[in-house]
Each structure stands twice: as structure tokens, then as C-alpha cells.
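Note sheet for the following structure.
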Amino acid sequence: ADDDPDGQTRAELEAVIGAAEGGDEAARADLADRFSGMLEFGTAGLRGALGAGPNRMNRAVVIRAAAGLTAYLKTSVEHPFVVIGYDARINSDVFARDTAAVVVGAGGRAAILPRPMPTPVLAYAIRALGADAGVMVTASHNPPQDNGYKVYVGDGSQIVSPVDGLIAAEIETVRAVADVPRADSGWQDLDDAVLDAYVADAATVVSPEAPRDLVVVHTAMHGVGTETIRKAFTAAGFDEPISVAAQAEPDPLFPTVSFPNPEEPGAMDLAMELAEQTGPDLVIANDPDADRCAAAIAGPGGWRMLRGDEVGALLGAHILERGVPEGGRMANSIVSSRLLAAMARAAGVPHEETLTGFKWIGRVPDLAFGYEEALGYCVDSAHVRDKDGVTAALLLSELAARRKAAGSDLQTVLDELALEHGVYATDAFSIRVSDLSLIGRLMDRLREHPLTQVAGIPVARVDDLAQGAGGLPPTEGLRYYLADDSRIIVRPSGTEPKLKIYLEVIEPVANPADLPAARTRAAARLAAVRSAMEQATAI
């Protein structure tokens, strides 16, 4: 508490200490949790609840992280240059300025984006400005009480091992926050030039000859995407999307959604309602930092949300149809559908499977398209080596406009892919916990008592991902292949306190008339596997 530079969190911690000393058992447990360890770099850097203590997101933790990052950079660059972006969450701007103050205080150079902006703008700025590293202060789609700290290296990709460990080692050397030199000024406050350059490059993902007749409803989910999406659509020649007004402006409290993630039930309700009123061709949603893109399409039963794997298949098919440059590669994470691999194989285009997260996908050489099922898509790795919800929205809109001009639609594309490759049906569910040790115990249980069958189908193979299965770097998780080629993956989330279970079945399609029945068969198989795995992973 004495070393906390922020009066608010210092008072918060002192209050918890006082209650704990007074015998309050809840306060003692709270204190123990706050000091159970330092927040560590996970799938997306640091991320956690705002509050006092080293296991929370606060100014003390951010100053230590910035000091560790700068010290690591100085092992190879005398005066490192770090560009910093931030979203509209609570204290994001404060954490951004603290980072700049630490970098400058250590003899480096720092530049801050002019206001809250999407994560892909920061990822773009790193390479555009020639920075040695980048920091984005964001918790993406996490609940309102969270914030986070994503770190990128100079090539615009997120940090991976061993860099994360080297930065963590430098953080460990910081004995006291008060000892970290912090400048009062000296960093550069960027203007809109970097945003304008990003928008201009983003617009080039749309082919000049592509149709532009398309009506889109868009929601920014109370995040920072509205301005950039509007600018990008206009620059690409589309009409400006119709915004969900109640969610268009940044609001760190996310008042109209219980969880600001387009994947969560109810998050897209307002966008769907606006679509029913306005009759657009496509609904698009970004998460709060606009690095993810969700979509919904109209159908016989009304508007329906596309799964992340469906959007991945649509974008992949469109990119393959437009033509992949010689040497270009497709990629997706291990928990994403195997359909993209089948599509790439049929087209004679190399495909790679990576660990979860764009810190891995973005590093695939000559990446023509990469995606993960959690609504993350990279369609322009030449400019952004990370998931980008803006360029993904533009490219999906180009495909929708082309199909509209031809009297077709996106559902027809999905039907065509199913006829060619079979129905790849995916599902996922999560087990959220308050005690992280429960996840470890469940993983131990699954290893000690291996599954031999799921929903009556024998388990043909089990990959322990912690052993580096398939040549991938080791990561916690288990992958099961059933005798009917169904696939199940169980892994802890890298960003939230939950265990995630991913399911996929593949159902052959005999002919066009068989497609509805094949989808019904696939759905029944998927439901049976899910029910069995819900029982197998019950805590």
C-alpha cells in the first residue's frame, strides 16, 4: 500500500487490510487473492480485474510491466521506441500515460494514439511508425470490471515465448514502484495521421471492381469501433453502416449488455432488432476494442448469428476464390474448424494449424488468411499481423455485395461449401470457475481417467497438448479424436477464469437434396457429444 502511486487503490487496499486485521474472513480471502501472485502474460498479455494488489490491474502493476518491457527492449536497443494505444475502459488512458512516462523516464521514446482507438490501429501503427514495440491497453470483450495490457514486438505481432518470460524476469527485478523513473512529459501525442493511414490501407482489402451496393447494420458494443468502421466503409466505397445508436459511443460500463462479447447470448439483440426494422443485407458487430468481427444473416426463421467458424469459412472461401499469391498460406487455431484446411487442400494452398491466439496465427509466414473461431480474423497481414475486426468487416461486406449482385447470398456460399466438403458442425461451451485450482484438478482427472468413448463412439486417439502434440509448442489441453472423426478439445482459457470445451463433427453430404438431412444428422451428433462432455467435465 505504501508503494502504490494511486490514492484510490491505496485507500482500497488499506480498507481491505483493516477489515482483515479486524477478523473479517471474507476480507482475509480477498487479501490473499489480491496477493496470490503477479498478473502474468497469458494468451493476450496481462488481463484482470481492476483493483489494488499485484493480482489486479492497477497503476502499480502497469508501471512495473512498463519498466520490465523497457528494460527488456534496452538489452538490444539503446533508446527503444514504443507506441501506445488504449481503449475506452476505466483507467485505460491513465495506464497508457503511465507506460509512456516509464519509457521516457528510462531514456526511450514513446508515442500515444490521440484518443481511444481499435486495437488493430495500434498493431498497424507499430510497423507504420517503425516502433520497437507496442502496447495496447484493453481488456477486449471482458466484463466492465476488467482491464488489460497487450504487448507487441516491433514486427507488429504479439509477444510469445521466450520474450514474455524475459519481460517477466525484468519485471521481477523491480523492487519498488517508487524506484521506477517516470517522466512528467516528453512523449509524443500522435494526431489522426496514423488513423487516416490505417483507414486508407484497410480500404484496399476491397477489390476496386467489386460491387458496393450493400446495406449494413453495425454495432460497436459500447466500444471504440464506430468511428473507424464508418471511415473505413466510406473509404472503401460502401455506404456508411447503420449504427445501433444505443451502443455506438464508447461507454466503459457497457450498459445495454451483460457481457460485451458478440458471442454471448443477448449481446446482439439490439442489432438484430434494428435489422428487423431496417431490412439490411448484413449485420456486423465488433467487440469493444474492434479486433473481432461477428456477423448475422437473414434466413427463413429470421436473423441468425453466424458462428465464428462460419465467418472463417466464408472469408477463407472468398480469399481462395480471389486467388492466393504464390507462397501464400492459410492458417487457423487448433480449436477452430478443420473446414479451412480442407478448402485449402482442395485449392492446393498450404495450410497451417497453430496454437490458440493471434500471437501464433499472426506469425505464420506469408499469411494470406488466418482465423480463430472466437471471431478473430486476419485478412491483411501485410499491414496488421493481428486479428482485425475492421478489415474483416470490409472483406465480408465485399463478399456479400458480390453475392447480392449475382442474386445470391452468404447462406448459399455456406451451402456450396457443405456440398463440396461436407457439413463441418462446431459447438463450444465453457465452465466458469471462481477457484482456478478447480480447472487444474479437472485436467488431472481427465488424464488419470482417460475417456474411452464419448456418446457411444470410441475414442480413437488422444493428444496431450502439454506434450507438444503435432509439433506444436506445449500448451495445456487435451485433444480427442473419435472413431467417426469427431474432434473434442478441452483447454483452459488464456484470458478468463474458465475451462473451454470445443466440439466438431463432420457429416458427409450425398447430394444437394441430402443437405438439410445432413445438417440435421450433424446437429444430432453434435448435441450427443456435447451432452456427454458436459457430464465428463462436470466439476
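Going by the C-alpha cells order, chains are called A, B, ..., each with residues numbered from 1, while ligands are numbered from 1 in the order shown.
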
Please identify every residue of range 485-539 of chain A that has at least one atom no farther than 12 Å from an atom of range 471-477 of chain A, counting only C-alpha atoms, and for each give the shortest atom pair and the distance in Å to one decimal, arranged by chain then increasing number, as CSV.
```
residue,atom,partner,partner_atom,distance
A:Ile488,CA,A:Gly477,CA,10.5
A:Ile489,CA,A:Gly477,CA,7.1
A:Val490,CA,A:Gly477,CA,5.5
A:Arg491,CA,A:Gly477,CA,4.3
A:Pro492,CA,A:Gly477,CA,7.0
A:Ser493,CA,A:Glu476,CA,9.6
A:Gly494,CA,A:Glu476,CA,9.9
A:Leu499,CA,A:Gly477,CA,9.7
A:Lys500,CA,A:Gly477,CA,9.6
A:Ile501,CA,A:Gly477,CA,9.7
A:Tyr502,CA,A:Gly477,CA,11.0
```

Keeping N, CA and C atoms, export the residues of the selection given above as a short mmCIF file (atom, residue, chain, number, x, y, z; two decimals), in the first residue's frame.
```cif
data_model
loop_
_atom_site.label_atom_id
_atom_site.label_comp_id
_atom_site.auth_asym_id
_atom_site.auth_seq_id
_atom_site.Cartn_x
_atom_site.Cartn_y
_atom_site.Cartn_z
N ILE A 488 -12.76 -33.30 -30.19
CA ILE A 488 -13.05 -32.59 -28.95
C ILE A 488 -11.74 -32.03 -28.41
N ILE A 489 -11.77 -30.78 -28.00
CA ILE A 489 -10.59 -30.17 -27.35
C ILE A 489 -11.03 -29.57 -26.03
N VAL A 490 -10.28 -29.85 -24.98
CA VAL A 490 -10.53 -29.30 -23.64
C VAL A 490 -9.30 -28.50 -23.26
N ARG A 491 -9.50 -27.21 -22.97
CA ARG A 491 -8.36 -26.37 -22.60
C ARG A 491 -8.81 -25.22 -21.71
N PRO A 492 -7.95 -24.76 -20.79
CA PRO A 492 -8.27 -23.58 -20.00
C PRO A 492 -8.21 -22.32 -20.88
N SER A 493 -9.05 -21.36 -20.60
CA SER A 493 -9.00 -20.08 -21.30
C SER A 493 -7.73 -19.34 -20.92
N GLY A 494 -7.17 -18.61 -21.88
CA GLY A 494 -5.98 -17.81 -21.59
C GLY A 494 -6.31 -16.41 -21.13
N LEU A 499 -12.84 -23.02 -18.11
CA LEU A 499 -12.40 -24.11 -18.96
C LEU A 499 -13.27 -24.13 -20.20
N LYS A 500 -12.66 -24.29 -21.36
CA LYS A 500 -13.41 -24.26 -22.61
C LYS A 500 -13.35 -25.63 -23.29
N ILE A 501 -14.48 -26.06 -23.81
CA ILE A 501 -14.57 -27.34 -24.50
C ILE A 501 -15.09 -27.07 -25.90
N TYR A 502 -14.32 -27.49 -26.91
CA TYR A 502 -14.63 -27.24 -28.32
C TYR A 502 -14.99 -28.57 -28.99
#
```

Which polymer residues have any atom within 8 Å of an atom of range 107-110 of chain A, counting only C-alpha atoms, with same-chain residues fewer than 3 positions away left out, as a PDB file with C-alpha atoms, in the first residue's frame?
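Result file follows (part.pdb):
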```
ATOM      1  CA  THR A  70      11.513  -1.156 -21.416  1.00  0.00           C
ATOM      2  CA  GLU A  78      19.700   1.831 -26.511  1.00  0.00           C
ATOM      3  CA  HIS A  79      16.732   4.184 -26.894  1.00  0.00           C
ATOM      4  CA  PRO A  80      13.679   1.990 -27.628  1.00  0.00           C
ATOM      5  CA  PHE A  81      10.635   3.499 -29.307  1.00  0.00           C
ATOM      6  CA  VAL A  82       7.259   2.301 -28.010  1.00  0.00           C
ATOM      7  CA  VAL A  83       3.887   3.278 -29.473  1.00  0.00           C
ATOM      8  CA  ILE A  84       0.903   3.032 -27.130  1.00  0.00           C
ATOM      9  CA  ALA A 100       4.746   6.484 -21.790  1.00  0.00           C
ATOM     10  CA  VAL A 103       9.512   4.556 -21.324  1.00  0.00           C
ATOM     11  CA  VAL A 104      10.638   8.174 -21.496  1.00  0.00           C
ATOM     12  CA  TRP A 187       6.344  11.614 -25.123  1.00  0.00           C
ATOM     13  CA  GLN A 188       4.621  12.319 -28.425  1.00  0.00           C
TER      14      GLN A 188
END
```

I'd like the neighbourhood of Met38 in chain A as a PyMOL selection string, where a residue qualifies if any of its atoms comes within 12 Å (using only C-alpha atoms), though same-chain residues fewer than 5 positions away should be ignored. chain A and resi 33+46-48+52-58+60-62+64-65+168-169+171-172

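For range 249-300 of chain A, backbone-based DSSP labels the following residues as helix (DSSP H, G or I): A:Asp269, A:Leu270, A:Ala271, A:Met272, A:Glu273, A:Leu274, A:Ala275, A:Glu276, A:Gln277, A:Thr278.
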
Range 299-373 of chain A: which residues are strand (DSSP E) by DSSP, as an MDAnalysis selection string? chainID A and resid 299 302:305 329:333 351:354 367:372

Neighbour list for Ile90 in chain A as a ChimeraX atom specification, cut-off 10 Å, only C-alpha atoms, skip fewer than 6 positions in-chain: /A:50,138,144-147,251-253

Could you please determine the separation between CA of Gln453 in chain A and CA of Ala483 in chain A in Å, to one decimal place?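 Rounded to one decimal, the two atoms are 9.1 Å apart.
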
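Going from CA of Ala527 in chain A to CA of Leu355 in chain A covers 25.7 Å.
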
With distances taken over only C-alpha atoms, which residue among A:Val121, A:Lys359, A:Asp24, A:Ile63 lies nearest Val160 in chain A?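 That would be A:Lys359, the residue with the smallest distance to Val160 in chain A.
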